[in-house]
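Student: Let me begin by handing over the structure; questions about it come next.
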Amino acid sequence: MHPPHVGAAWDVKFSLRGKARTIQIELVKAVAPEELLFDATSQGLETHMSVELVALSQKRTRVSIELKLTPKTISARLLVQSLKLAKSNLAKQFAERVAEYGRFIEDHHSRTA
């Protein structure tokens with residue numbers, strides 16, 4: 001398996017709070033198989049995301065994800081402030097989604113192995 005190409009980029013469109021959003025994401029560092037760093041920009045908001053993978057056993061991996069949001073406009077500041085107020089609920093939802101994706105990967109891997 002080849003490591004991800006650093007410099008790979010995506011333009012992502014999604015809806016948040018009823019408003020269409022666009023975000024540009026770039027893979028800025030890939031240290032296979034344990035670390036991925038992404039930079040993203042969207043409507044006055046810069047995001048740095050770190051994904052760390054730690055093998056616990058042959059069938060278990062710990063995933064750590066860290067986000068740093070930096071607002072560059074007043075509206076982005078307001079968005080970040082509202083996210084801070086809802087941080088615990090958002091963190092719970094995010095953890096559930098990541099766990100769900102992990103189960104999907106486990107299931108897919110077990111069917112193809």
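The way I read the labels, and the way they are meant: chains A, B, ... in the order of the structure tokens, residue 1 as the first residue of every chain, and ligand 1 as the first ligand shown, with later ones counted on from there.
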Tell me, as a ChimeraX atom specification, which residues lie within 12 Å of stretch 88-101 of chain A, counting only C-alpha atoms; anything in the same chain fewer than 2 positions away does not count.
Tutor: /A:51,61-67,82-86,103-108
Student: Can you write just those residues out, all heavy atoms, as a short mmCIF file (atom, residue, chain, number, x, y, z; two decimals), in the first residue's frame?
Tutor:
data_model
loop_
_atom_site.label_atom_id
_atom_site.label_comp_id
_atom_site.auth_asym_id
_atom_site.auth_seq_id
_atom_site.Cartn_x
_atom_site.Cartn_y
_atom_site.Cartn_z
N VAL A 51 -4.27 13.79 12.73
CA VAL A 51 -4.81 12.45 12.95
C VAL A 51 -3.63 11.56 13.29
O VAL A 51 -2.69 11.43 12.51
CB VAL A 51 -5.55 11.92 11.70
CG1 VAL A 51 -6.07 10.51 11.95
CG2 VAL A 51 -6.66 12.86 11.28
N THR A 61 -6.51 -0.36 16.86
CA THR A 61 -5.74 0.87 16.64
C THR A 61 -6.45 2.01 17.36
O THR A 61 -7.66 2.15 17.28
CB THR A 61 -5.64 1.19 15.14
OG1 THR A 61 -4.99 0.10 14.47
CG2 THR A 61 -4.86 2.47 14.89
N ARG A 62 -5.68 2.82 18.06
CA ARG A 62 -6.23 4.02 18.71
C ARG A 62 -6.11 5.17 17.71
O ARG A 62 -5.06 5.39 17.12
CB ARG A 62 -5.47 4.36 19.97
CG ARG A 62 -5.97 5.66 20.61
CD ARG A 62 -5.21 6.06 21.86
NE ARG A 62 -5.32 5.02 22.86
CZ ARG A 62 -4.30 4.50 23.51
NH1 ARG A 62 -3.08 4.92 23.28
NH2 ARG A 62 -4.49 3.55 24.42
N VAL A 63 -7.20 5.92 17.54
CA VAL A 63 -7.23 7.08 16.66
C VAL A 63 -7.38 8.33 17.52
O VAL A 63 -8.32 8.42 18.31
CB VAL A 63 -8.41 6.99 15.66
CG1 VAL A 63 -8.45 8.24 14.79
CG2 VAL A 63 -8.33 5.74 14.81
N SER A 64 -6.45 9.27 17.38
CA SER A 64 -6.54 10.56 18.08
C SER A 64 -6.66 11.64 17.02
O SER A 64 -5.85 11.70 16.09
CB SER A 64 -5.30 10.81 18.92
OG SER A 64 -5.17 9.82 19.92
N ILE A 65 -7.66 12.51 17.18
CA ILE A 65 -7.88 13.59 16.22
C ILE A 65 -7.89 14.90 17.00
O ILE A 65 -8.59 15.04 17.99
CB ILE A 65 -9.21 13.40 15.46
CG1 ILE A 65 -9.18 12.08 14.69
CG2 ILE A 65 -9.45 14.58 14.52
CD1 ILE A 65 -10.49 11.70 14.05
N GLU A 66 -7.11 15.84 16.52
CA GLU A 66 -7.04 17.15 17.17
C GLU A 66 -7.31 18.22 16.12
O GLU A 66 -6.76 18.19 15.02
CB GLU A 66 -5.65 17.35 17.75
CG GLU A 66 -5.48 18.65 18.51
CD GLU A 66 -4.09 18.76 19.11
OE1 GLU A 66 -3.64 17.81 19.75
OE2 GLU A 66 -3.48 19.84 18.93
N LEU A 67 -8.20 19.17 16.47
CA LEU A 67 -8.54 20.27 15.58
C LEU A 67 -8.16 21.59 16.23
O LEU A 67 -8.39 21.78 17.42
CB LEU A 67 -10.05 20.31 15.32
CG LEU A 67 -10.66 19.23 14.47
CD1 LEU A 67 -12.17 19.34 14.50
CD2 LEU A 67 -10.16 19.31 13.05
N SER A 82 -19.76 29.99 18.94
CA SER A 82 -20.93 29.12 19.11
C SER A 82 -20.51 27.66 19.20
O SER A 82 -21.12 26.87 19.93
CB SER A 82 -21.95 29.34 17.99
OG SER A 82 -21.45 28.89 16.76
N LEU A 83 -19.45 27.28 18.48
CA LEU A 83 -18.95 25.91 18.57
C LEU A 83 -18.37 25.64 19.96
O LEU A 83 -18.53 24.55 20.50
CB LEU A 83 -17.90 25.64 17.49
CG LEU A 83 -18.39 25.64 16.05
CD1 LEU A 83 -17.22 25.51 15.08
CD2 LEU A 83 -19.41 24.54 15.81
N LYS A 84 -17.70 26.64 20.53
CA LYS A 84 -17.15 26.48 21.88
C LYS A 84 -18.26 26.26 22.90
O LYS A 84 -18.11 25.45 23.81
CB LYS A 84 -16.33 27.71 22.28
CG LYS A 84 -14.98 27.77 21.62
CD LYS A 84 -14.22 29.01 22.07
CE LYS A 84 -12.88 29.10 21.39
NZ LYS A 84 -12.15 30.32 21.78
N LEU A 85 -19.37 26.96 22.73
CA LEU A 85 -20.49 26.80 23.65
C LEU A 85 -21.10 25.40 23.56
O LEU A 85 -21.62 24.87 24.54
CB LEU A 85 -21.57 27.86 23.38
CG LEU A 85 -21.15 29.30 23.68
CD1 LEU A 85 -22.22 30.27 23.20
CD2 LEU A 85 -20.87 29.49 25.16
N ALA A 86 -21.03 24.79 22.38
CA ALA A 86 -21.62 23.47 22.17
C ALA A 86 -20.54 22.38 22.14
O ALA A 86 -20.79 21.26 21.69
CB ALA A 86 -22.40 23.46 20.86
N ARG A 103 -15.88 1.09 13.08
CA ARG A 103 -16.58 -0.19 12.96
C ARG A 103 -16.79 -0.56 11.50
O ARG A 103 -16.66 -1.72 11.11
CB ARG A 103 -17.90 -0.14 13.72
CG ARG A 103 -17.73 -0.18 15.23
CD ARG A 103 -19.06 -0.31 15.97
NE ARG A 103 -19.94 0.84 15.77
CZ ARG A 103 -19.90 1.95 16.50
NH1 ARG A 103 -19.01 2.06 17.49
NH2 ARG A 103 -20.73 2.94 16.28
N PHE A 104 -17.11 0.44 10.67
CA PHE A 104 -17.28 0.21 9.23
C PHE A 104 -15.98 -0.34 8.62
O PHE A 104 -15.99 -1.30 7.86
CB PHE A 104 -17.70 1.50 8.52
CG PHE A 104 -17.62 1.43 7.03
CD1 PHE A 104 -18.62 0.79 6.30
CD2 PHE A 104 -16.55 1.98 6.35
CE1 PHE A 104 -18.54 0.70 4.92
CE2 PHE A 104 -16.47 1.90 4.98
CZ PHE A 104 -17.46 1.26 4.25
N ILE A 105 -14.85 0.28 8.98
CA ILE A 105 -13.55 -0.17 8.46
C ILE A 105 -13.25 -1.58 8.94
O ILE A 105 -12.81 -2.43 8.16
CB ILE A 105 -12.43 0.81 8.87
CG1 ILE A 105 -12.62 2.13 8.14
CG2 ILE A 105 -11.06 0.22 8.58
CD1 ILE A 105 -11.70 3.23 8.62
N GLU A 106 -13.50 -1.87 10.23
CA GLU A 106 -13.29 -3.22 10.76
C GLU A 106 -14.11 -4.25 10.00
O GLU A 106 -13.62 -5.30 9.60
CB GLU A 106 -13.67 -3.30 12.24
CG GLU A 106 -12.65 -2.79 13.18
CD GLU A 106 -13.11 -2.93 14.63
OE1 GLU A 106 -14.34 -3.01 14.89
OE2 GLU A 106 -12.23 -2.98 15.51
N ASP A 107 -15.38 -3.94 9.78
CA ASP A 107 -16.29 -4.84 9.08
C ASP A 107 -15.82 -5.05 7.64
O ASP A 107 -15.76 -6.18 7.16
CB ASP A 107 -17.71 -4.28 9.10
CG ASP A 107 -18.71 -5.22 8.46
OD1 ASP A 107 -18.73 -6.42 8.85
OD2 ASP A 107 -19.47 -4.76 7.58
N HIS A 108 -15.47 -3.99 6.97
CA HIS A 108 -15.01 -4.07 5.58
C HIS A 108 -13.72 -4.90 5.50
O HIS A 108 -13.57 -5.76 4.63
CB HIS A 108 -14.79 -2.68 5.00
CG HIS A 108 -14.28 -2.69 3.60
ND1 HIS A 108 -15.11 -3.01 2.53
CD2 HIS A 108 -13.06 -2.43 3.09
CE1 HIS A 108 -14.40 -2.95 1.42
NE2 HIS A 108 -13.16 -2.60 1.73
#
Student: As a ChimeraX atom specification, which residues of stretch 59-109 of chain A does DSSP assign to alpha helix (DSSP H)?
Tutor: /A:74-85,87-109
Student: Save the residues we just selected, N, CA and C atoms, as a CSV table (one decimal), in the first residue's frame?
Tutor:
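Generated output (out-v6.csv):
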chain,number,residue,atom,x,y,z
A,74,ILE,N,-15.0,38.3,11.4
A,74,ILE,CA,-15.9,38.4,12.5
A,74,ILE,C,-16.9,37.3,12.5
A,75,SER,N,-17.5,37.0,11.3
A,75,SER,CA,-18.5,35.9,11.2
A,75,SER,C,-17.9,34.6,11.6
A,76,ALA,N,-16.6,34.3,11.2
A,76,ALA,CA,-15.9,33.1,11.6
A,76,ALA,C,-15.7,33.1,13.1
A,77,ARG,N,-15.4,34.2,13.7
A,77,ARG,CA,-15.3,34.3,15.1
A,77,ARG,C,-16.6,33.9,15.9
A,78,LEU,N,-17.7,34.4,15.3
A,78,LEU,CA,-19.0,34.1,15.9
A,78,LEU,C,-19.3,32.6,15.8
A,79,LEU,N,-18.9,32.0,14.7
A,79,LEU,CA,-19.1,30.6,14.5
A,79,LEU,C,-18.3,29.8,15.5
A,80,VAL,N,-17.0,30.2,15.6
A,80,VAL,CA,-16.1,29.5,16.6
A,80,VAL,C,-16.6,29.6,18.0
A,81,GLN,N,-17.1,30.8,18.3
A,81,GLN,CA,-17.7,31.0,19.7
A,81,GLN,C,-18.9,30.1,19.9
A,82,SER,N,-19.8,30.0,18.9
A,82,SER,CA,-20.9,29.1,19.1
A,82,SER,C,-20.5,27.7,19.2
A,83,LEU,N,-19.5,27.3,18.5
A,83,LEU,CA,-18.9,25.9,18.6
A,83,LEU,C,-18.4,25.6,20.0
A,84,LYS,N,-17.7,26.6,20.5
A,84,LYS,CA,-17.2,26.5,21.9
A,84,LYS,C,-18.3,26.3,22.9
A,85,LEU,N,-19.4,27.0,22.7
A,85,LEU,CA,-20.5,26.8,23.7
A,85,LEU,C,-21.1,25.4,23.6
A,87,LYS,N,-19.3,22.7,22.6
A,87,LYS,CA,-18.2,21.8,22.5
A,87,LYS,C,-18.4,20.4,23.0
A,88,SER,N,-19.0,20.2,24.2
A,88,SER,CA,-19.1,18.9,24.8
A,88,SER,C,-20.1,18.1,23.9
A,89,ASN,N,-21.2,18.6,23.5
A,89,ASN,CA,-22.1,17.9,22.6
A,89,ASN,C,-21.5,17.6,21.3
A,90,LEU,N,-20.8,18.5,20.7
A,90,LEU,CA,-20.1,18.3,19.4
A,90,LEU,C,-19.1,17.2,19.5
A,91,ALA,N,-18.3,17.3,20.6
A,91,ALA,CA,-17.3,16.3,20.8
A,91,ALA,C,-17.8,14.9,21.0
A,92,LYS,N,-19.0,14.8,21.7
A,92,LYS,CA,-19.6,13.5,21.8
A,92,LYS,C,-20.1,13.0,20.4
A,93,GLN,N,-20.8,13.8,19.7
A,93,GLN,CA,-21.3,13.4,18.3
A,93,GLN,C,-20.1,13.0,17.4
A,94,PHE,N,-19.0,13.8,17.5
A,94,PHE,CA,-17.8,13.5,16.7
A,94,PHE,C,-17.2,12.2,17.0
A,95,ALA,N,-17.1,11.9,18.3
A,95,ALA,CA,-16.5,10.6,18.8
A,95,ALA,C,-17.4,9.5,18.3
A,96,GLU,N,-18.7,9.6,18.4
A,96,GLU,CA,-19.6,8.6,17.9
A,96,GLU,C,-19.5,8.3,16.5
A,97,ARG,N,-19.3,9.4,15.7
A,97,ARG,CA,-19.2,9.2,14.2
A,97,ARG,C,-17.8,8.6,13.9
A,98,VAL,N,-16.7,8.9,14.6
A,98,VAL,CA,-15.4,8.3,14.3
A,98,VAL,C,-15.5,6.8,14.7
A,99,ALA,N,-16.2,6.5,15.8
A,99,ALA,CA,-16.3,5.1,16.3
A,99,ALA,C,-17.1,4.3,15.2
A,100,GLU,N,-18.2,4.9,14.7
A,100,GLU,CA,-19.0,4.3,13.7
A,100,GLU,C,-18.2,4.0,12.4
A,101,TYR,N,-17.4,5.0,12.0
A,101,TYR,CA,-16.5,4.8,10.9
A,101,TYR,C,-15.5,3.7,11.1
A,102,GLY,N,-14.9,3.6,12.4
A,102,GLY,CA,-14.0,2.6,12.7
A,102,GLY,C,-14.6,1.2,12.6
A,103,ARG,N,-15.9,1.1,13.1
A,103,ARG,CA,-16.6,-0.2,13.0
A,103,ARG,C,-16.8,-0.6,11.5
A,104,PHE,N,-17.1,0.4,10.7
A,104,PHE,CA,-17.3,0.2,9.2
A,104,PHE,C,-16.0,-0.3,8.6
A,105,ILE,N,-14.9,0.3,9.0
A,105,ILE,CA,-13.6,-0.2,8.5
A,105,ILE,C,-13.3,-1.6,8.9
A,106,GLU,N,-13.5,-1.9,10.2
A,106,GLU,CA,-13.3,-3.2,10.8
A,106,GLU,C,-14.1,-4.2,10.0
A,107,ASP,N,-15.4,-3.9,9.8
A,107,ASP,CA,-16.3,-4.8,9.1
A,107,ASP,C,-15.8,-5.1,7.6
A,108,HIS,N,-15.5,-4.0,7.0
A,108,HIS,CA,-15.0,-4.1,5.6
A,108,HIS,C,-13.7,-4.9,5.5
A,109,HIS,N,-12.8,-4.6,6.4
A,109,HIS,CA,-11.5,-5.4,6.4
A,109,HIS,C,-11.7,-6.9,6.7
Student: Rank A:Lys59, A:Gln43, A:Pro71, A:Glu35 by their smallest atom-to-atom distance to A:Ser110, using only C-alpha atoms, and report the top residue only.
Tutor: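 The closest residue to A:Ser110 is A:Lys59.
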Student: With a distance cut-off of 10 Å and only C-alpha atoms, select the neighbouring residues of A:Leu37, excluding the residue or stretch itself and same-chain residues fewer than 6 positions from it, and output the selection as a ChimeraX atom specification.
Tutor: /A:6,26-31,48-52,65-66
Student: Atom CA of A:Gly7 and atom CA of A:Thr112, how far apart in Å?
Tutor: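 Here the two named atoms are 29.3 Å from each other.
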Student: For A:Gln24, work out the shell of residues within 10 Å, counting only C-alpha atoms and skipping chain neighbours fewer than 2 positions away, then give it as a PyMOL selection string.
Tutor: chain A and resi 9-13+22+26+39-43+46
Student: Find, counting only C-alpha atoms, the residue in A:Leu69, A:Val54, A:Leu36, A:Ala20 that gets nearest to A:Ala8.
Tutor: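 Nearest candidate to A:Ala8 out of A:Leu69, A:Val54, A:Leu36, A:Ala20: A:Leu36.
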Student: List every residue of chain A that DSSP, applied to the backbone of this structure, places in strand (DSSP E or B), and write the result as a PyMOL selection string.
Tutor: chain A and resi 9-16+19-31+35-42+45-55+61-71
